[in-house]
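Next up, my_file.txt (compact mmCIF, N, CA and C atoms):
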# COMPACT_ATOMS: atom_id res chain seq x y z
N MET A 257 -63.84 6.72 -22.95
CA MET A 257 -63.97 5.39 -22.38
C MET A 257 -63.58 5.47 -20.91
N GLN A 258 -64.25 4.69 -20.07
CA GLN A 258 -63.98 4.73 -18.65
C GLN A 258 -63.55 3.36 -18.14
N ARG A 259 -62.76 3.40 -17.06
CA ARG A 259 -62.37 2.16 -16.40
C ARG A 259 -63.54 1.65 -15.57
N GLU A 260 -63.35 0.47 -15.03
CA GLU A 260 -64.39 -0.09 -14.17
C GLU A 260 -64.65 0.77 -12.95
N ASP A 261 -63.60 1.47 -12.45
CA ASP A 261 -63.81 2.31 -11.27
C ASP A 261 -64.37 3.68 -11.62
N GLY A 262 -64.64 3.92 -12.89
CA GLY A 262 -65.28 5.16 -13.31
C GLY A 262 -64.32 6.24 -13.77
N ALA A 263 -63.02 6.05 -13.63
CA ALA A 263 -62.06 7.08 -14.05
C ALA A 263 -61.91 7.06 -15.57
N PRO A 264 -61.74 8.23 -16.18
CA PRO A 264 -61.57 8.29 -17.64
C PRO A 264 -60.30 7.55 -18.07
N ARG A 265 -60.33 7.03 -19.28
CA ARG A 265 -59.20 6.27 -19.83
C ARG A 265 -57.94 7.12 -19.89
N ASP A 266 -58.04 8.43 -20.18
CA ASP A 266 -56.86 9.30 -20.22
C ASP A 266 -56.12 9.27 -18.88
N GLU A 267 -56.86 9.30 -17.79
CA GLU A 267 -56.22 9.25 -16.46
C GLU A 267 -55.53 7.91 -16.25
N GLN A 268 -56.13 6.85 -16.74
CA GLN A 268 -55.54 5.52 -16.62
C GLN A 268 -54.20 5.48 -17.36
N ILE A 269 -54.17 6.04 -18.57
CA ILE A 269 -52.94 6.05 -19.37
C ILE A 269 -51.87 6.89 -18.69
N ARG A 270 -52.25 8.09 -18.21
CA ARG A 270 -51.28 8.96 -17.51
C ARG A 270 -50.71 8.26 -16.28
N ALA A 271 -51.57 7.60 -15.53
CA ALA A 271 -51.11 6.90 -14.33
C ALA A 271 -50.13 5.79 -14.70
N ALA A 272 -50.40 5.08 -15.76
CA ALA A 272 -49.50 4.00 -16.19
C ALA A 272 -48.17 4.56 -16.67
N GLU A 273 -48.19 5.72 -17.33
CA GLU A 273 -46.95 6.31 -17.83
C GLU A 273 -46.07 6.84 -16.71
N THR A 274 -46.67 7.33 -15.62
CA THR A 274 -45.88 7.90 -14.53
C THR A 274 -45.48 6.85 -13.51
N ARG A 275 -46.12 5.69 -13.53
CA ARG A 275 -45.79 4.63 -12.57
C ARG A 275 -44.45 4.02 -12.94
N ALA A 276 -43.64 3.72 -11.92
CA ALA A 276 -42.34 3.10 -12.17
C ALA A 276 -42.53 1.68 -12.69
N PRO A 277 -41.76 1.28 -13.66
CA PRO A 277 -41.88 -0.07 -14.20
C PRO A 277 -41.29 -1.09 -13.23
N GLU A 278 -42.10 -1.60 -12.31
CA GLU A 278 -41.62 -2.47 -11.25
C GLU A 278 -41.20 -3.84 -11.76
N THR A 279 -41.99 -4.46 -12.56
CA THR A 279 -41.73 -5.84 -12.96
C THR A 279 -40.43 -6.01 -13.73
N PRO A 280 -40.16 -5.23 -14.80
CA PRO A 280 -38.91 -5.46 -15.52
C PRO A 280 -37.68 -5.27 -14.65
N ASN A 281 -37.67 -4.25 -13.78
CA ASN A 281 -36.50 -4.03 -12.93
C ASN A 281 -36.32 -5.17 -11.94
N ALA A 282 -37.40 -5.60 -11.32
CA ALA A 282 -37.32 -6.70 -10.36
C ALA A 282 -36.84 -7.97 -11.04
N VAL A 283 -37.39 -8.27 -12.20
CA VAL A 283 -36.99 -9.46 -12.93
C VAL A 283 -35.55 -9.33 -13.40
N GLY A 284 -35.19 -8.14 -13.91
CA GLY A 284 -33.82 -7.91 -14.36
C GLY A 284 -32.82 -8.12 -13.24
N GLY A 285 -33.15 -7.63 -12.04
CA GLY A 285 -32.26 -7.80 -10.89
C GLY A 285 -32.10 -9.27 -10.52
N LYS A 286 -33.20 -10.03 -10.56
CA LYS A 286 -33.14 -11.44 -10.23
C LYS A 286 -32.36 -12.21 -11.28
N VAL A 287 -32.51 -11.85 -12.54
CA VAL A 287 -31.76 -12.50 -13.60
C VAL A 287 -30.27 -12.20 -13.42
N ALA A 288 -29.93 -10.95 -13.10
CA ALA A 288 -28.53 -10.59 -12.88
C ALA A 288 -27.96 -11.37 -11.70
N ASP A 289 -28.73 -11.50 -10.62
CA ASP A 289 -28.28 -12.28 -9.47
C ASP A 289 -28.05 -13.73 -9.85
N LEU A 290 -28.95 -14.30 -10.64
CA LEU A 290 -28.82 -15.69 -11.07
C LEU A 290 -27.59 -15.87 -11.95
N LEU A 291 -27.38 -14.95 -12.90
CA LEU A 291 -26.20 -15.05 -13.76
C LEU A 291 -24.92 -14.91 -12.95
N ASP A 292 -24.92 -13.99 -11.97
CA ASP A 292 -23.76 -13.80 -11.11
C ASP A 292 -23.50 -15.07 -10.30
N PHE A 293 -24.56 -15.69 -9.79
CA PHE A 293 -24.43 -16.93 -9.02
C PHE A 293 -23.83 -18.03 -9.89
N ARG A 294 -24.32 -18.15 -11.12
CA ARG A 294 -23.80 -19.19 -12.01
C ARG A 294 -22.33 -18.97 -12.32
N ARG A 295 -21.94 -17.71 -12.51
CA ARG A 295 -20.54 -17.40 -12.85
C ARG A 295 -19.62 -17.59 -11.66
N ARG A 296 -20.05 -17.14 -10.48
CA ARG A 296 -19.18 -17.17 -9.30
C ARG A 296 -19.42 -18.37 -8.39
N GLY A 297 -20.58 -18.99 -8.50
CA GLY A 297 -20.90 -20.10 -7.60
C GLY A 297 -21.37 -19.64 -6.24
N ALA A 298 -21.62 -18.34 -6.09
CA ALA A 298 -22.08 -17.79 -4.81
C ALA A 298 -22.73 -16.43 -5.05
N VAL A 299 -23.66 -16.07 -4.20
CA VAL A 299 -24.31 -14.77 -4.29
C VAL A 299 -23.47 -13.76 -3.53
N ARG A 300 -23.27 -12.59 -4.12
CA ARG A 300 -22.49 -11.53 -3.47
C ARG A 300 -23.42 -10.60 -2.69
N LEU A 301 -22.96 -10.18 -1.52
CA LEU A 301 -23.70 -9.24 -0.68
C LEU A 301 -22.90 -7.95 -0.57
N GLN A 302 -23.56 -6.82 -0.79
CA GLN A 302 -22.90 -5.52 -0.67
C GLN A 302 -22.66 -5.23 0.82
N THR A 303 -21.43 -4.82 1.16
CA THR A 303 -21.07 -4.58 2.55
C THR A 303 -20.18 -3.35 2.68
N ALA A 304 -19.85 -3.04 3.90
CA ALA A 304 -18.83 -2.02 4.22
C ALA A 304 -18.23 -2.44 5.56
N ILE A 305 -17.52 -3.56 5.56
CA ILE A 305 -16.98 -4.17 6.77
C ILE A 305 -15.50 -3.85 6.89
N ASP A 306 -15.11 -3.32 8.06
CA ASP A 306 -13.69 -3.08 8.33
C ASP A 306 -12.98 -4.41 8.53
N ALA A 307 -11.83 -4.58 7.88
CA ALA A 307 -11.08 -5.82 7.99
C ALA A 307 -9.59 -5.51 7.88
N HIS A 308 -8.79 -6.55 7.95
CA HIS A 308 -7.34 -6.43 7.79
C HIS A 308 -6.89 -7.42 6.73
N LEU A 309 -5.95 -6.99 5.92
CA LEU A 309 -5.37 -7.86 4.91
C LEU A 309 -3.91 -8.09 5.29
N VAL A 310 -3.59 -9.32 5.63
CA VAL A 310 -2.22 -9.67 6.00
C VAL A 310 -1.52 -10.10 4.73
N VAL A 311 -0.56 -9.27 4.30
CA VAL A 311 0.11 -9.50 3.02
C VAL A 311 1.39 -10.29 3.21
N ALA A 312 2.18 -9.95 4.20
CA ALA A 312 3.40 -10.69 4.52
C ALA A 312 3.33 -11.06 6.00
N GLU A 313 4.32 -11.81 6.48
CA GLU A 313 4.25 -12.31 7.85
C GLU A 313 3.93 -11.24 8.88
N ASN A 314 4.63 -10.14 8.84
CA ASN A 314 4.41 -9.10 9.84
C ASN A 314 3.87 -7.81 9.23
N SER A 315 3.18 -7.92 8.12
CA SER A 315 2.66 -6.74 7.44
C SER A 315 1.17 -6.87 7.21
N SER A 316 0.41 -6.00 7.85
CA SER A 316 -1.03 -6.02 7.62
C SER A 316 -1.51 -4.60 7.36
N SER A 317 -2.57 -4.50 6.59
CA SER A 317 -3.15 -3.20 6.26
C SER A 317 -4.65 -3.27 6.46
N ARG A 318 -5.22 -2.13 6.83
CA ARG A 318 -6.68 -2.06 6.95
C ARG A 318 -7.27 -2.07 5.56
N CYS A 319 -8.45 -2.65 5.46
CA CYS A 319 -9.18 -2.65 4.20
C CYS A 319 -10.67 -2.64 4.52
N ILE A 320 -11.48 -2.43 3.50
CA ILE A 320 -12.93 -2.46 3.65
C ILE A 320 -13.45 -3.52 2.70
N ILE A 321 -14.24 -4.45 3.22
CA ILE A 321 -14.88 -5.46 2.38
C ILE A 321 -16.10 -4.80 1.76
N ARG A 322 -16.09 -4.62 0.44
CA ARG A 322 -17.18 -3.94 -0.27
C ARG A 322 -18.27 -4.89 -0.75
N ASP A 323 -17.89 -6.12 -1.08
CA ASP A 323 -18.91 -7.15 -1.30
C ASP A 323 -18.31 -8.48 -0.89
N LEU A 324 -19.20 -9.40 -0.54
CA LEU A 324 -18.76 -10.63 0.10
C LEU A 324 -19.65 -11.78 -0.33
N SER A 325 -19.03 -12.93 -0.53
CA SER A 325 -19.78 -14.16 -0.76
C SER A 325 -19.06 -15.25 0.02
N THR A 326 -19.60 -16.45 -0.02
CA THR A 326 -18.93 -17.55 0.66
C THR A 326 -17.63 -17.93 -0.04
N ALA A 327 -17.46 -17.53 -1.31
CA ALA A 327 -16.30 -17.93 -2.11
C ALA A 327 -15.24 -16.85 -2.29
N GLY A 328 -15.56 -15.58 -2.00
CA GLY A 328 -14.59 -14.52 -2.22
C GLY A 328 -15.13 -13.17 -1.79
N ALA A 329 -14.35 -12.12 -2.09
CA ALA A 329 -14.74 -10.78 -1.66
C ALA A 329 -14.11 -9.74 -2.57
N GLN A 330 -14.72 -8.55 -2.57
CA GLN A 330 -14.13 -7.39 -3.22
C GLN A 330 -13.68 -6.46 -2.10
N LEU A 331 -12.43 -6.05 -2.15
CA LEU A 331 -11.85 -5.23 -1.09
C LEU A 331 -11.48 -3.86 -1.62
N GLU A 332 -11.58 -2.88 -0.74
CA GLU A 332 -11.02 -1.55 -1.00
C GLU A 332 -9.80 -1.45 -0.12
N VAL A 333 -8.63 -1.27 -0.73
CA VAL A 333 -7.36 -1.28 0.00
C VAL A 333 -6.64 0.04 -0.18
N GLU A 334 -5.60 0.23 0.63
CA GLU A 334 -4.76 1.41 0.48
C GLU A 334 -3.96 1.28 -0.80
N GLU A 335 -3.64 2.38 -1.41
CA GLU A 335 -2.97 2.40 -2.70
C GLU A 335 -1.62 1.68 -2.70
N GLY A 336 -0.88 1.75 -1.61
CA GLY A 336 0.48 1.20 -1.59
C GLY A 336 0.59 -0.28 -1.34
N ILE A 337 -0.49 -0.99 -1.14
CA ILE A 337 -0.43 -2.42 -0.85
C ILE A 337 0.00 -3.20 -2.09
N THR A 338 0.99 -4.06 -1.90
CA THR A 338 1.41 -4.95 -2.98
C THR A 338 0.92 -6.34 -2.63
N PRO A 339 -0.10 -6.80 -3.31
CA PRO A 339 -0.65 -8.11 -2.97
C PRO A 339 0.30 -9.24 -3.33
N GLU A 340 0.25 -10.29 -2.54
CA GLU A 340 1.04 -11.48 -2.83
C GLU A 340 0.09 -12.55 -3.35
N ARG A 341 0.66 -13.67 -3.75
CA ARG A 341 -0.18 -14.75 -4.28
C ARG A 341 -1.20 -15.19 -3.23
N GLU A 342 -0.75 -15.44 -2.02
CA GLU A 342 -1.67 -15.78 -0.94
C GLU A 342 -1.60 -14.73 0.15
N MET A 343 -2.77 -14.36 0.64
CA MET A 343 -2.87 -13.38 1.72
C MET A 343 -3.90 -13.91 2.71
N ILE A 344 -4.02 -13.22 3.83
CA ILE A 344 -5.03 -13.59 4.82
C ILE A 344 -5.96 -12.40 5.01
N LEU A 345 -7.25 -12.65 4.84
CA LEU A 345 -8.27 -11.65 5.11
C LEU A 345 -8.80 -11.92 6.50
N ALA A 346 -8.62 -10.95 7.39
CA ALA A 346 -9.02 -11.13 8.79
C ALA A 346 -10.11 -10.14 9.17
N VAL A 347 -11.14 -10.67 9.83
CA VAL A 347 -12.21 -9.85 10.39
C VAL A 347 -12.27 -10.20 11.87
N PRO A 348 -11.48 -9.49 12.70
CA PRO A 348 -11.38 -9.84 14.12
C PRO A 348 -12.71 -9.77 14.88
N GLN A 349 -13.62 -8.89 14.45
CA GLN A 349 -14.90 -8.72 15.16
C GLN A 349 -15.71 -10.00 15.20
N VAL A 350 -15.54 -10.89 14.21
CA VAL A 350 -16.28 -12.15 14.17
C VAL A 350 -15.33 -13.35 14.16
N ASN A 351 -14.06 -13.10 14.52
CA ASN A 351 -13.07 -14.17 14.67
C ASN A 351 -12.89 -14.99 13.38
N ILE A 352 -12.67 -14.28 12.27
CA ILE A 352 -12.44 -14.94 10.98
C ILE A 352 -11.09 -14.51 10.43
N ALA A 353 -10.34 -15.49 9.98
CA ALA A 353 -9.11 -15.26 9.22
C ALA A 353 -9.08 -16.34 8.15
N ILE A 354 -9.15 -15.92 6.90
CA ILE A 354 -9.24 -16.90 5.81
C ILE A 354 -8.19 -16.60 4.74
N VAL A 355 -7.55 -17.64 4.27
CA VAL A 355 -6.52 -17.51 3.24
C VAL A 355 -7.21 -17.22 1.91
N CYS A 356 -6.66 -16.25 1.19
CA CYS A 356 -7.24 -15.88 -0.10
C CYS A 356 -6.14 -15.59 -1.11
N GLU A 357 -6.53 -15.55 -2.37
CA GLU A 357 -5.57 -15.20 -3.43
C GLU A 357 -6.18 -14.11 -4.29
N LEU A 358 -5.30 -13.32 -4.86
CA LEU A 358 -5.72 -12.21 -5.70
C LEU A 358 -6.36 -12.73 -6.99
N ALA A 359 -7.55 -12.24 -7.30
CA ALA A 359 -8.22 -12.59 -8.56
C ALA A 359 -8.05 -11.46 -9.58
N TRP A 360 -8.12 -10.19 -9.11
CA TRP A 360 -7.97 -9.03 -9.98
C TRP A 360 -7.68 -7.80 -9.11
N ARG A 361 -7.17 -6.75 -9.77
CA ARG A 361 -6.95 -5.48 -9.07
C ARG A 361 -7.13 -4.33 -10.04
N ARG A 362 -7.85 -3.29 -9.58
CA ARG A 362 -8.03 -2.05 -10.33
C ARG A 362 -7.93 -0.90 -9.35
N GLY A 363 -6.80 -0.21 -9.34
CA GLY A 363 -6.61 0.91 -8.43
C GLY A 363 -6.68 0.46 -6.98
N LYS A 364 -7.62 1.05 -6.23
CA LYS A 364 -7.77 0.73 -4.81
C LYS A 364 -8.69 -0.47 -4.56
N ARG A 365 -9.22 -1.07 -5.61
CA ARG A 365 -10.13 -2.22 -5.46
C ARG A 365 -9.42 -3.50 -5.90
N MET A 366 -9.72 -4.57 -5.20
CA MET A 366 -9.20 -5.88 -5.60
C MET A 366 -10.21 -6.96 -5.25
N GLY A 367 -10.22 -7.98 -6.07
CA GLY A 367 -11.06 -9.14 -5.82
C GLY A 367 -10.19 -10.27 -5.32
N VAL A 368 -10.66 -10.96 -4.29
CA VAL A 368 -9.94 -12.11 -3.77
C VAL A 368 -10.85 -13.33 -3.78
N GLN A 369 -10.23 -14.47 -3.97
CA GLN A 369 -10.93 -15.74 -3.96
C GLN A 369 -10.41 -16.52 -2.76
N PHE A 370 -11.31 -17.09 -1.98
CA PHE A 370 -10.90 -17.85 -0.81
C PHE A 370 -10.31 -19.18 -1.24
N CYS A 371 -9.13 -19.52 -0.69
CA CYS A 371 -8.37 -20.69 -1.15
C CYS A 371 -8.77 -21.99 -0.47
N ARG A 372 -8.84 -21.96 0.82
CA ARG A 372 -9.02 -23.22 1.56
C ARG A 372 -10.40 -23.26 2.20
N GLY A 373 -11.38 -23.45 1.35
CA GLY A 373 -12.75 -23.53 1.85
C GLY A 373 -13.49 -22.22 1.67
N ARG A 374 -14.67 -22.19 2.21
CA ARG A 374 -15.55 -21.04 2.10
C ARG A 374 -15.87 -20.52 3.48
N ILE A 375 -16.32 -19.28 3.54
CA ILE A 375 -16.79 -18.74 4.81
C ILE A 375 -18.18 -19.33 5.05
N PRO A 376 -18.39 -19.92 6.22
CA PRO A 376 -19.72 -20.48 6.51
C PRO A 376 -20.79 -19.40 6.49
N ALA A 377 -21.98 -19.76 6.07
CA ALA A 377 -23.09 -18.81 5.96
C ALA A 377 -23.40 -18.13 7.29
N ASP A 378 -23.27 -18.84 8.41
CA ASP A 378 -23.57 -18.22 9.71
C ASP A 378 -22.56 -17.12 10.05
N LYS A 379 -21.31 -17.28 9.61
CA LYS A 379 -20.30 -16.23 9.84
C LYS A 379 -20.60 -15.01 8.96
N ILE A 380 -21.06 -15.26 7.74
CA ILE A 380 -21.43 -14.14 6.86
C ILE A 380 -22.60 -13.38 7.47
N THR A 381 -23.55 -14.11 8.04
CA THR A 381 -24.68 -13.46 8.71
C THR A 381 -24.19 -12.58 9.85
N GLU A 382 -23.24 -13.09 10.64
CA GLU A 382 -22.64 -12.28 11.72
C GLU A 382 -21.96 -11.03 11.17
N MET A 383 -21.22 -11.20 10.08
CA MET A 383 -20.48 -10.08 9.49
C MET A 383 -21.43 -9.02 8.97
N MET A 384 -22.57 -9.44 8.43
CA MET A 384 -23.53 -8.48 7.88
C MET A 384 -24.14 -7.60 8.97
N LYS A 385 -24.04 -8.02 10.22
CA LYS A 385 -24.58 -7.24 11.34
C LYS A 385 -23.60 -6.16 11.81
N LEU A 386 -22.34 -6.22 11.33
CA LEU A 386 -21.33 -5.25 11.77
C LEU A 386 -21.61 -3.87 11.20

How does the structure come out when it is put into structure tokens?
Amino acid sequence: MQREDGAPRDEQIRAAETRAPETPNAVGGKVADLLDFRRRGAVRLQTAIDAHLVVAENSSSRCIIRDLSTAGAQLEVEEGITPEREMILAVPQVNIAIVCELAWRRGKRMGVQFCRGRIPADKITEMMKL
């Protein structure tokens, strides 16, 4: 049997088997994004932004923002940091300092939730350019 373009059906089947399944992955990713949005109330963006975490009045440590949304962030921190209930996440390059609280911690990673408002979308756009 041949396709409309004249190629044998065997070639059509082989081509379909070797082609990457685009639709399920794309749909799966969108569904995951939607579920994440519903759970968190914001879409997370993967990043690698240098920042500072102010833990006590005169104590700050460098950290890397690994993902970011208007409502919170996932940070990679130094092993010795002892998080407090409220901390300040500062990104001096875009003039942001926002109060946050610890949501979870696993080794060098921690999730923080922004306490007093959200980061405006235009600031997140600026941060994504860093």

Next item on the list: Name all residues at most 8 Å from Arg374 in chain A (count all atoms listed in the file; drop same-chain ones fewer than 6 positions away) and give them as number ranges by chain.
Entry: A: 325-328, 354

Check: So which residues touch Lys364 in chain A within 6 Å, counting only N, CA and C atoms, skipping near sequence neighbours fewer than 3 positions away, as number ranges by chain?
Finding: A: 331-335

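Counting only N, CA and C atoms, the residue from A:Ala307, A:Ala359, A:Lys385, A:Arg300 that sits nearest to Leu345 in chain A is A:Ala307.
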
Margin query: So the first atom is atom C of Val355 in chain A and the second is CA of Gly373 in chain A; what is the distance between them in Å, to one decimal place?
Written below: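 The value is 8.4 Å.
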
Checklist line | From A:Leu309, A:Gln330, A:Glu382, A:Gln302, residue lying nearest Ala346 in chain A [only C-alpha atoms] | finding: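 Comparing A:Leu309, A:Gln330, A:Glu382, A:Gln302 against Ala346 in chain A, the winner is A:Leu309.
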
Margin query: Taking all atoms listed in the file into account, name the residue in A:Val299, A:Leu358, A:Leu386, A:Ala353 that is nearest to Asp323 in chain A.
Written below: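 Closest candidate: A:Val299.
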
Repaired coordinates for range 366-385 of chain A (N, CA, C and O atoms) as a short mmCIF file (atom, residue, chain, number, x, y, z; two decimals), in the coordinates of the input:
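Contents of out.cif, freshly written:
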data_model
loop_
_atom_site.label_atom_id
_atom_site.label_comp_id
_atom_site.auth_asym_id
_atom_site.auth_seq_id
_atom_site.Cartn_x
_atom_site.Cartn_y
_atom_site.Cartn_z
N MET A 366 -9.72 -4.57 -5.20
CA MET A 366 -9.20 -5.88 -5.60
C MET A 366 -10.21 -6.96 -5.25
O MET A 366 -10.97 -6.83 -4.30
N GLY A 367 -10.22 -7.98 -6.07
CA GLY A 367 -11.06 -9.14 -5.82
C GLY A 367 -10.19 -10.27 -5.32
O GLY A 367 -9.08 -10.48 -5.82
N VAL A 368 -10.66 -10.96 -4.29
CA VAL A 368 -9.94 -12.11 -3.77
C VAL A 368 -10.85 -13.33 -3.78
O VAL A 368 -12.07 -13.22 -3.64
N GLN A 369 -10.23 -14.47 -3.97
CA GLN A 369 -10.93 -15.74 -3.96
C GLN A 369 -10.41 -16.52 -2.76
O GLN A 369 -9.20 -16.57 -2.53
N PHE A 370 -11.31 -17.09 -1.98
CA PHE A 370 -10.90 -17.85 -0.81
C PHE A 370 -10.31 -19.18 -1.24
O PHE A 370 -10.88 -19.88 -2.08
N CYS A 371 -9.13 -19.52 -0.69
CA CYS A 371 -8.37 -20.69 -1.15
C CYS A 371 -8.77 -21.99 -0.47
O CYS A 371 -8.95 -22.99 -1.13
N ARG A 372 -8.84 -21.96 0.82
CA ARG A 372 -9.02 -23.22 1.56
C ARG A 372 -10.40 -23.26 2.20
O ARG A 372 -10.56 -23.09 3.39
N GLY A 373 -11.38 -23.45 1.35
CA GLY A 373 -12.75 -23.53 1.85
C GLY A 373 -13.49 -22.22 1.67
O GLY A 373 -13.00 -21.27 1.06
N ARG A 374 -14.67 -22.19 2.21
CA ARG A 374 -15.55 -21.04 2.10
C ARG A 374 -15.87 -20.52 3.48
O ARG A 374 -15.72 -21.23 4.47
N ILE A 375 -16.32 -19.28 3.54
CA ILE A 375 -16.79 -18.74 4.81
C ILE A 375 -18.18 -19.33 5.05
O ILE A 375 -19.05 -19.25 4.18
N PRO A 376 -18.39 -19.92 6.22
CA PRO A 376 -19.72 -20.48 6.51
C PRO A 376 -20.79 -19.40 6.49
O PRO A 376 -20.54 -18.25 6.86
N ALA A 377 -21.98 -19.76 6.07
CA ALA A 377 -23.09 -18.81 5.96
C ALA A 377 -23.40 -18.13 7.29
O ALA A 377 -23.72 -16.95 7.32
N ASP A 378 -23.27 -18.84 8.41
CA ASP A 378 -23.57 -18.22 9.71
C ASP A 378 -22.56 -17.12 10.05
O ASP A 378 -22.90 -16.12 10.66
N LYS A 379 -21.31 -17.28 9.61
CA LYS A 379 -20.30 -16.23 9.84
C LYS A 379 -20.60 -15.01 8.96
O LYS A 379 -20.42 -13.87 9.37
N ILE A 380 -21.06 -15.26 7.74
CA ILE A 380 -21.43 -14.14 6.86
C ILE A 380 -22.60 -13.38 7.47
O ILE A 380 -22.62 -12.15 7.48
N THR A 381 -23.55 -14.11 8.04
CA THR A 381 -24.68 -13.46 8.71
C THR A 381 -24.19 -12.58 9.85
O THR A 381 -24.63 -11.44 10.00
N GLU A 382 -23.24 -13.09 10.64
CA GLU A 382 -22.64 -12.28 11.72
C GLU A 382 -21.96 -11.03 11.17
O GLU A 382 -22.10 -9.95 11.72
N MET A 383 -21.22 -11.20 10.08
CA MET A 383 -20.48 -10.08 9.49
C MET A 383 -21.43 -9.02 8.97
O MET A 383 -21.15 -7.84 9.04
N MET A 384 -22.57 -9.44 8.43
CA MET A 384 -23.53 -8.48 7.88
C MET A 384 -24.14 -7.60 8.97
O MET A 384 -24.68 -6.54 8.69
N LYS A 385 -24.04 -8.02 10.22
CA LYS A 385 -24.58 -7.24 11.34
C LYS A 385 -23.60 -6.16 11.81
O LYS A 385 -23.97 -5.30 12.60
#
